[in-house]
Amino acid sequence: MAGRDSTSHDRTPGAFPPPSRRRVLRLAGGGLALAALSVGTVGCEEDAVEVEEPGSAGGDATKGGGEGSGDGGGEKGQAPKPLWSKSTSAETYGDNDELVAAGGVVIASGSPLAALDAATGEQKWSLPGGAVPGAPLLLGKDTLYLASSDYDGSVIGYAPASGKETWRSRLGKEYRQPQPIAVDEEQVYVVAEILEKDGSSRTNVIAALNSTTGRIAWKEQRDVGTEQNGIHAAVRGRHLVYTDFKKNLTVRDTASGGQVWTHKTTKTNYGFFTVHQDLVIVPQGNVLQAFNLADGKEKWSLEASDGALFREPAALEEILYVADSARTMWAVDPRTGKQLWKSEALADAGLQVPRQYVKAGDTLYGATDLDKQGGIIAIDARNGAVRWTFNDKTGDYHAWLVATDGKHVFALHGKKLHALPA
């Protein structure tokens, strides 16, 4: 049935440690309810953008635990000094789409939503309404797509370099709080609550909006019990793939909205996956599984050693990177599941497992959750050696976030944003 998000196959069980409170808020949050909750958790923090001199350090850098060329760093094993550090209006919940770099600027989710010059850290533009708590900063077609902070049912596109509005669309008055989840060359995909006559909502809709005209291309009601929050999504060709907090992995046809297939994920997954070419790769406890986007059939699987549990994966430049709960780092051929290398450098250095990755040159940059032994970890993408770690030592309880424009690595920790040379 085209509109359903039903589940079919139960896969390998396992158990991750529970997500942090901030992560639960991010996954469960969205709209006014989360906005109210976020005031209670971060309301005492500063909201204004504080301008500091370029080149000022955001904190001490700690030595890495392994060998490497130290590309982008100072002395061997030492993190580079920040090119600039700024206090921002960031209000983040630890998800990977709350810090983005495009059009010569870097943007952290917050209110006001401020775009800082990537090279200098100077503010280029800001939006007073800011970003809706729980909604992603979605980049595509040289456009930043945001849920409207006026809560008027609009989804708006902005030029990242200037902050000027370039596109706008609405699902209609019968829908509430539409949030963009993915974008391709032709369409913006959104999820929204379906309003009942009494103003309540028990179901939600997934829809495609034409990214040129803003018109609705298709919309499909999802099953009762599915959620519009906590969604992770990606598009590849004719396939829109997404997960939600109800542990469903679903693929839809981007042309019609019809459901192609769905699988049940384990409670260990929390919605994380990565896509490479025609495969979606999902951590399922101690097994990493790759499914064909076209039919949901398993293409390959990889088992962690000694009962360790796989964490968040990332397919970057034709290589799949993933760490497990034993702090072993893996590099895998995403087409076949063949191991390219495996490194114990994270464990040897006593470092935390990264939960987000970006890549610049031959260096992989990982961002960890809140931990004094974490921060931003620079890893040699060729062998897994730890080159250096960066930590501002503020003790802030927020998870670290990382983004790159290829020339800079941007590290966000709470309200502090640092630019490091890539």
# chains A, B, ... in the order shown; residues from 1 in each chain; ligands from 1

$ residues_around --residues "Leu288 in chain A" --least-positions-apart "2" --cutoff "8 Å" --atoms "only C-alpha atoms" --output "PDB file with N, CA and C atoms, in the first residue's frame"
ATOM      1  N   ILE A 281      23.184   1.400   4.242  1.00  0.00           N
ATOM      2  CA  ILE A 281      24.012   0.636   5.186  1.00  0.00           C
ATOM      3  C   ILE A 281      23.603   1.030   6.594  1.00  0.00           C
ATOM      4  N   VAL A 282      23.229   0.026   7.393  1.00  0.00           N
ATOM      5  CA  VAL A 282      22.601   0.261   8.686  1.00  0.00           C
ATOM      6  C   VAL A 282      23.311  -0.533   9.775  1.00  0.00           C
ATOM      7  N   PRO A 283      23.699   0.105  10.896  1.00  0.00           N
ATOM      8  CA  PRO A 283      24.214  -0.647  12.039  1.00  0.00           C
ATOM      9  C   PRO A 283      23.067  -1.314  12.781  1.00  0.00           C
ATOM     10  N   GLN A 284      23.194  -2.608  13.018  1.00  0.00           N
ATOM     11  CA  GLN A 284      22.163  -3.389  13.701  1.00  0.00           C
ATOM     12  C   GLN A 284      22.829  -4.191  14.827  1.00  0.00           C
ATOM     13  N   GLY A 285      23.093  -3.524  15.951  1.00  0.00           N
ATOM     14  CA  GLY A 285      23.786  -4.203  17.036  1.00  0.00           C
ATOM     15  C   GLY A 285      25.214  -4.502  16.641  1.00  0.00           C
ATOM     16  N   ASN A 286      25.603  -5.765  16.727  1.00  0.00           N
ATOM     17  CA  ASN A 286      26.981  -6.136  16.388  1.00  0.00           C
ATOM     18  C   ASN A 286      27.140  -6.498  14.918  1.00  0.00           C
ATOM     19  N   ALA A 290      24.014  -4.126   4.739  1.00  0.00           N
ATOM     20  CA  ALA A 290      23.791  -3.315   3.547  1.00  0.00           C
ATOM     21  C   ALA A 290      22.633  -3.906   2.769  1.00  0.00           C
ATOM     22  N   SER A 301      26.869  -8.248   4.862  1.00  0.00           N
ATOM     23  CA  SER A 301      26.853  -7.931   6.291  1.00  0.00           C
ATOM     24  C   SER A 301      28.256  -8.116   6.848  1.00  0.00           C
ATOM     25  N   LEU A 302      28.525  -7.380   7.925  1.00  0.00           N
ATOM     26  CA  LEU A 302      29.835  -7.425   8.573  1.00  0.00           C
ATOM     27  C   LEU A 302      29.599  -7.491  10.070  1.00  0.00           C
ATOM     28  N   GLU A 303      30.272  -8.418  10.734  1.00  0.00           N
ATOM     29  CA  GLU A 303      30.069  -8.611  12.159  1.00  0.00           C
ATOM     30  C   GLU A 303      31.248  -8.051  12.943  1.00  0.00           C
ATOM     31  N   ALA A 304      30.945  -7.310  14.006  1.00  0.00           N
ATOM     32  CA  ALA A 304      31.992  -6.791  14.883  1.00  0.00           C
ATOM     33  C   ALA A 304      32.552  -7.925  15.738  1.00  0.00           C
ATOM     34  N   PHE A 310      28.212  -1.824  16.586  1.00  0.00           N
ATOM     35  CA  PHE A 310      28.572  -0.791  15.623  1.00  0.00           C
ATOM     36  C   PHE A 310      27.841   0.512  15.950  1.00  0.00           C
TER      37      PHE A 310
END

$ select_by_dssp --residues "range 229-274 of chain A" --states "strand (DSSP E)" --output "JSON, numbers by chain"
{"A": [232, 233, 234, 235, 236, 239, 240, 241, 242, 243, 248, 249, 250, 251, 252, 253, 259, 260, 261, 262, 263, 264, 274]}

$ atom_distance --atom1 "CA of Trp167 in chain A" --atom2 "CA of Gln187 in chain A"
12.0 Å

$ atom_distance --atom1 "CA of Lys416 in chain A" --atom2 "CA of Gln78 in chain A"
20.5 Å

$ closest_residue --among "A:Ala114, A:Ala119, A:Val155, A:Val241" --to "Val100 in chain A" --atoms "only C-alpha atoms"
A:Ala114

$ residues_around --residues "His408 in chain A" --least-positions-apart "4" --cutoff "8 Å" --atoms "only C-alpha atoms" --output "list in words"
Ala118, Ala119, Thr404, Ala419, Leu420, Pro421 and Ala422 of chain A

$ write_last_selection --atoms "C-alpha atoms" --output "mmCIF file, in the first residue's frame"
data_model
loop_
_atom_site.group_PDB
_atom_site.id
_atom_site.type_symbol
_atom_site.label_atom_id
_atom_site.label_comp_id
_atom_site.auth_asym_id
_atom_site.auth_seq_id
_atom_site.Cartn_x
_atom_site.Cartn_y
_atom_site.Cartn_z
ATOM 1 C CA ALA A 118 34.240 30.839 6.912
ATOM 2 C CA ALA A 119 37.630 32.577 6.665
ATOM 3 C CA THR A 404 33.951 21.256 6.586
ATOM 4 C CA ALA A 419 37.493 27.170 12.772
ATOM 5 C CA LEU A 420 40.518 24.908 12.318
ATOM 6 C CA PRO A 421 42.653 24.619 9.183
ATOM 7 C CA ALA A 422 41.816 21.509 7.170
#

$ atom_distance --atom1 "CA of Lys342 in chain A" --atom2 "CA of Val386 in chain A"
12.6 Å

$ residues_around --residues "Ile206 in chain A" --least-positions-apart "4" --cutoff "9 Å" --atoms "only C-alpha atoms" --output "PyMOL selection string"
chain A and resi 3+189-192+218-222+228+257

$ residues_around --residues "Asp333 in chain A" --least-positions-apart "3" --cutoff "8 Å" --atoms "only C-alpha atoms" --output "VMD selection string"
chain A and resid 318 to 320 336 to 340

$ closest_residue --among "A:Lys415, A:Ala315, A:Asp371, A:Ala234" --to "Ser111 in chain A" --atoms "only C-alpha atoms"
A:Lys415

$ decode --residues "range 197-214 of chain A" --atoms "N, CA, C and O atoms" --output "PDB file, in the first residue's frame"
ATOM      1  N   LYS A 197     -10.057  18.007  13.368  1.00  0.00           N
ATOM      2  CA  LYS A 197     -10.972  19.131  13.511  1.00  0.00           C
ATOM      3  C   LYS A 197     -10.813  19.839  14.848  1.00  0.00           C
ATOM      4  O   LYS A 197     -11.074  21.046  14.963  1.00  0.00           O
ATOM      5  N   ASP A 198     -10.406  19.077  15.882  1.00  0.00           N
ATOM      6  CA  ASP A 198     -10.242  19.681  17.204  1.00  0.00           C
ATOM      7  C   ASP A 198      -8.857  20.283  17.418  1.00  0.00           C
ATOM      8  O   ASP A 198      -8.516  20.714  18.505  1.00  0.00           O
ATOM      9  N   GLY A 199      -8.025  20.313  16.361  1.00  0.00           N
ATOM     10  CA  GLY A 199      -6.689  20.889  16.454  1.00  0.00           C
ATOM     11  C   GLY A 199      -5.621  19.922  16.895  1.00  0.00           C
ATOM     12  O   GLY A 199      -4.439  20.280  16.930  1.00  0.00           O
ATOM     13  N   SER A 200      -5.997  18.680  17.212  1.00  0.00           N
ATOM     14  CA  SER A 200      -5.012  17.673  17.602  1.00  0.00           C
ATOM     15  C   SER A 200      -4.451  16.985  16.357  1.00  0.00           C
ATOM     16  O   SER A 200      -4.898  17.240  15.230  1.00  0.00           O
ATOM     17  N   SER A 201      -3.495  16.113  16.563  1.00  0.00           N
ATOM     18  CA  SER A 201      -2.913  15.372  15.443  1.00  0.00           C
ATOM     19  C   SER A 201      -2.511  13.981  15.907  1.00  0.00           C
ATOM     20  O   SER A 201      -1.833  13.828  16.922  1.00  0.00           O
ATOM     21  N   ARG A 202      -2.956  12.967  15.164  1.00  0.00           N
ATOM     22  CA  ARG A 202      -2.612  11.581  15.468  1.00  0.00           C
ATOM     23  C   ARG A 202      -1.847  10.915  14.328  1.00  0.00           C
ATOM     24  O   ARG A 202      -1.341   9.816  14.492  1.00  0.00           O
ATOM     25  N   THR A 203      -1.798  11.562  13.202  1.00  0.00           N
ATOM     26  CA  THR A 203      -1.103  11.007  12.044  1.00  0.00           C
ATOM     27  C   THR A 203      -0.264  12.095  11.380  1.00  0.00           C
ATOM     28  O   THR A 203      -0.387  13.276  11.690  1.00  0.00           O
ATOM     29  N   ASN A 204       0.572  11.675  10.457  1.00  0.00           N
ATOM     30  CA  ASN A 204       1.405  12.638   9.737  1.00  0.00           C
ATOM     31  C   ASN A 204       1.521  12.237   8.281  1.00  0.00           C
ATOM     32  O   ASN A 204       1.168  11.125   7.883  1.00  0.00           O
ATOM     33  N   VAL A 205       1.996  13.188   7.494  1.00  0.00           N
ATOM     34  CA  VAL A 205       2.094  12.992   6.058  1.00  0.00           C
ATOM     35  C   VAL A 205       3.527  13.213   5.615  1.00  0.00           C
ATOM     36  O   VAL A 205       4.262  14.003   6.215  1.00  0.00           O
ATOM     37  N   ILE A 206       3.953  12.481   4.600  1.00  0.00           N
ATOM     38  CA  ILE A 206       5.238  12.740   3.943  1.00  0.00           C
ATOM     39  C   ILE A 206       4.910  13.217   2.537  1.00  0.00           C
ATOM     40  O   ILE A 206       3.991  12.688   1.887  1.00  0.00           O
ATOM     41  N   ALA A 207       5.601  14.257   2.095  1.00  0.00           N
ATOM     42  CA  ALA A 207       5.263  14.881   0.818  1.00  0.00           C
ATOM     43  C   ALA A 207       6.518  15.340   0.095  1.00  0.00           C
ATOM     44  O   ALA A 207       7.576  15.519   0.695  1.00  0.00           O
ATOM     45  N   ALA A 208       6.362  15.538  -1.225  1.00  0.00           N
ATOM     46  CA  ALA A 208       7.430  16.075  -2.062  1.00  0.00           C
ATOM     47  C   ALA A 208       6.968  17.402  -2.637  1.00  0.00           C
ATOM     48  O   ALA A 208       5.865  17.505  -3.186  1.00  0.00           O
ATOM     49  N   LEU A 209       7.811  18.428  -2.500  1.00  0.00           N
ATOM     50  CA  LEU A 209       7.521  19.760  -3.026  1.00  0.00           C
ATOM     51  C   LEU A 209       8.477  20.052  -4.180  1.00  0.00           C
ATOM     52  O   LEU A 209       9.685  19.805  -4.063  1.00  0.00           O
ATOM     53  N   ASN A 210       7.965  20.548  -5.266  1.00  0.00           N
ATOM     54  CA  ASN A 210       8.814  20.895  -6.394  1.00  0.00           C
ATOM     55  C   ASN A 210       9.760  22.021  -5.990  1.00  0.00           C
ATOM     56  O   ASN A 210       9.317  23.069  -5.523  1.00  0.00           O
ATOM     57  N   SER A 211      11.056  21.826  -6.167  1.00  0.00           N
ATOM     58  CA  SER A 211      12.036  22.797  -5.686  1.00  0.00           C
ATOM     59  C   SER A 211      12.173  24.013  -6.591  1.00  0.00           C
ATOM     60  O   SER A 211      12.932  24.927  -6.280  1.00  0.00           O
ATOM     61  N   THR A 212      11.430  24.045  -7.691  1.00  0.00           N
ATOM     62  CA  THR A 212      11.377  25.236  -8.545  1.00  0.00           C
ATOM     63  C   THR A 212      10.093  26.024  -8.300  1.00  0.00           C
ATOM     64  O   THR A 212      10.124  27.220  -8.025  1.00  0.00           O
ATOM     65  N   THR A 213       8.959  25.340  -8.364  1.00  0.00           N
ATOM     66  CA  THR A 213       7.669  26.018  -8.266  1.00  0.00           C
ATOM     67  C   THR A 213       7.088  26.027  -6.859  1.00  0.00           C
ATOM     68  O   THR A 213       6.216  26.853  -6.555  1.00  0.00           O
ATOM     69  N   GLY A 214       7.519  25.116  -6.010  1.00  0.00           N
ATOM     70  CA  GLY A 214       6.948  24.985  -4.679  1.00  0.00           C
ATOM     71  C   GLY A 214       5.670  24.179  -4.641  1.00  0.00           C
ATOM     72  O   GLY A 214       5.109  23.943  -3.559  1.00  0.00           O
TER      73      GLY A 214
END
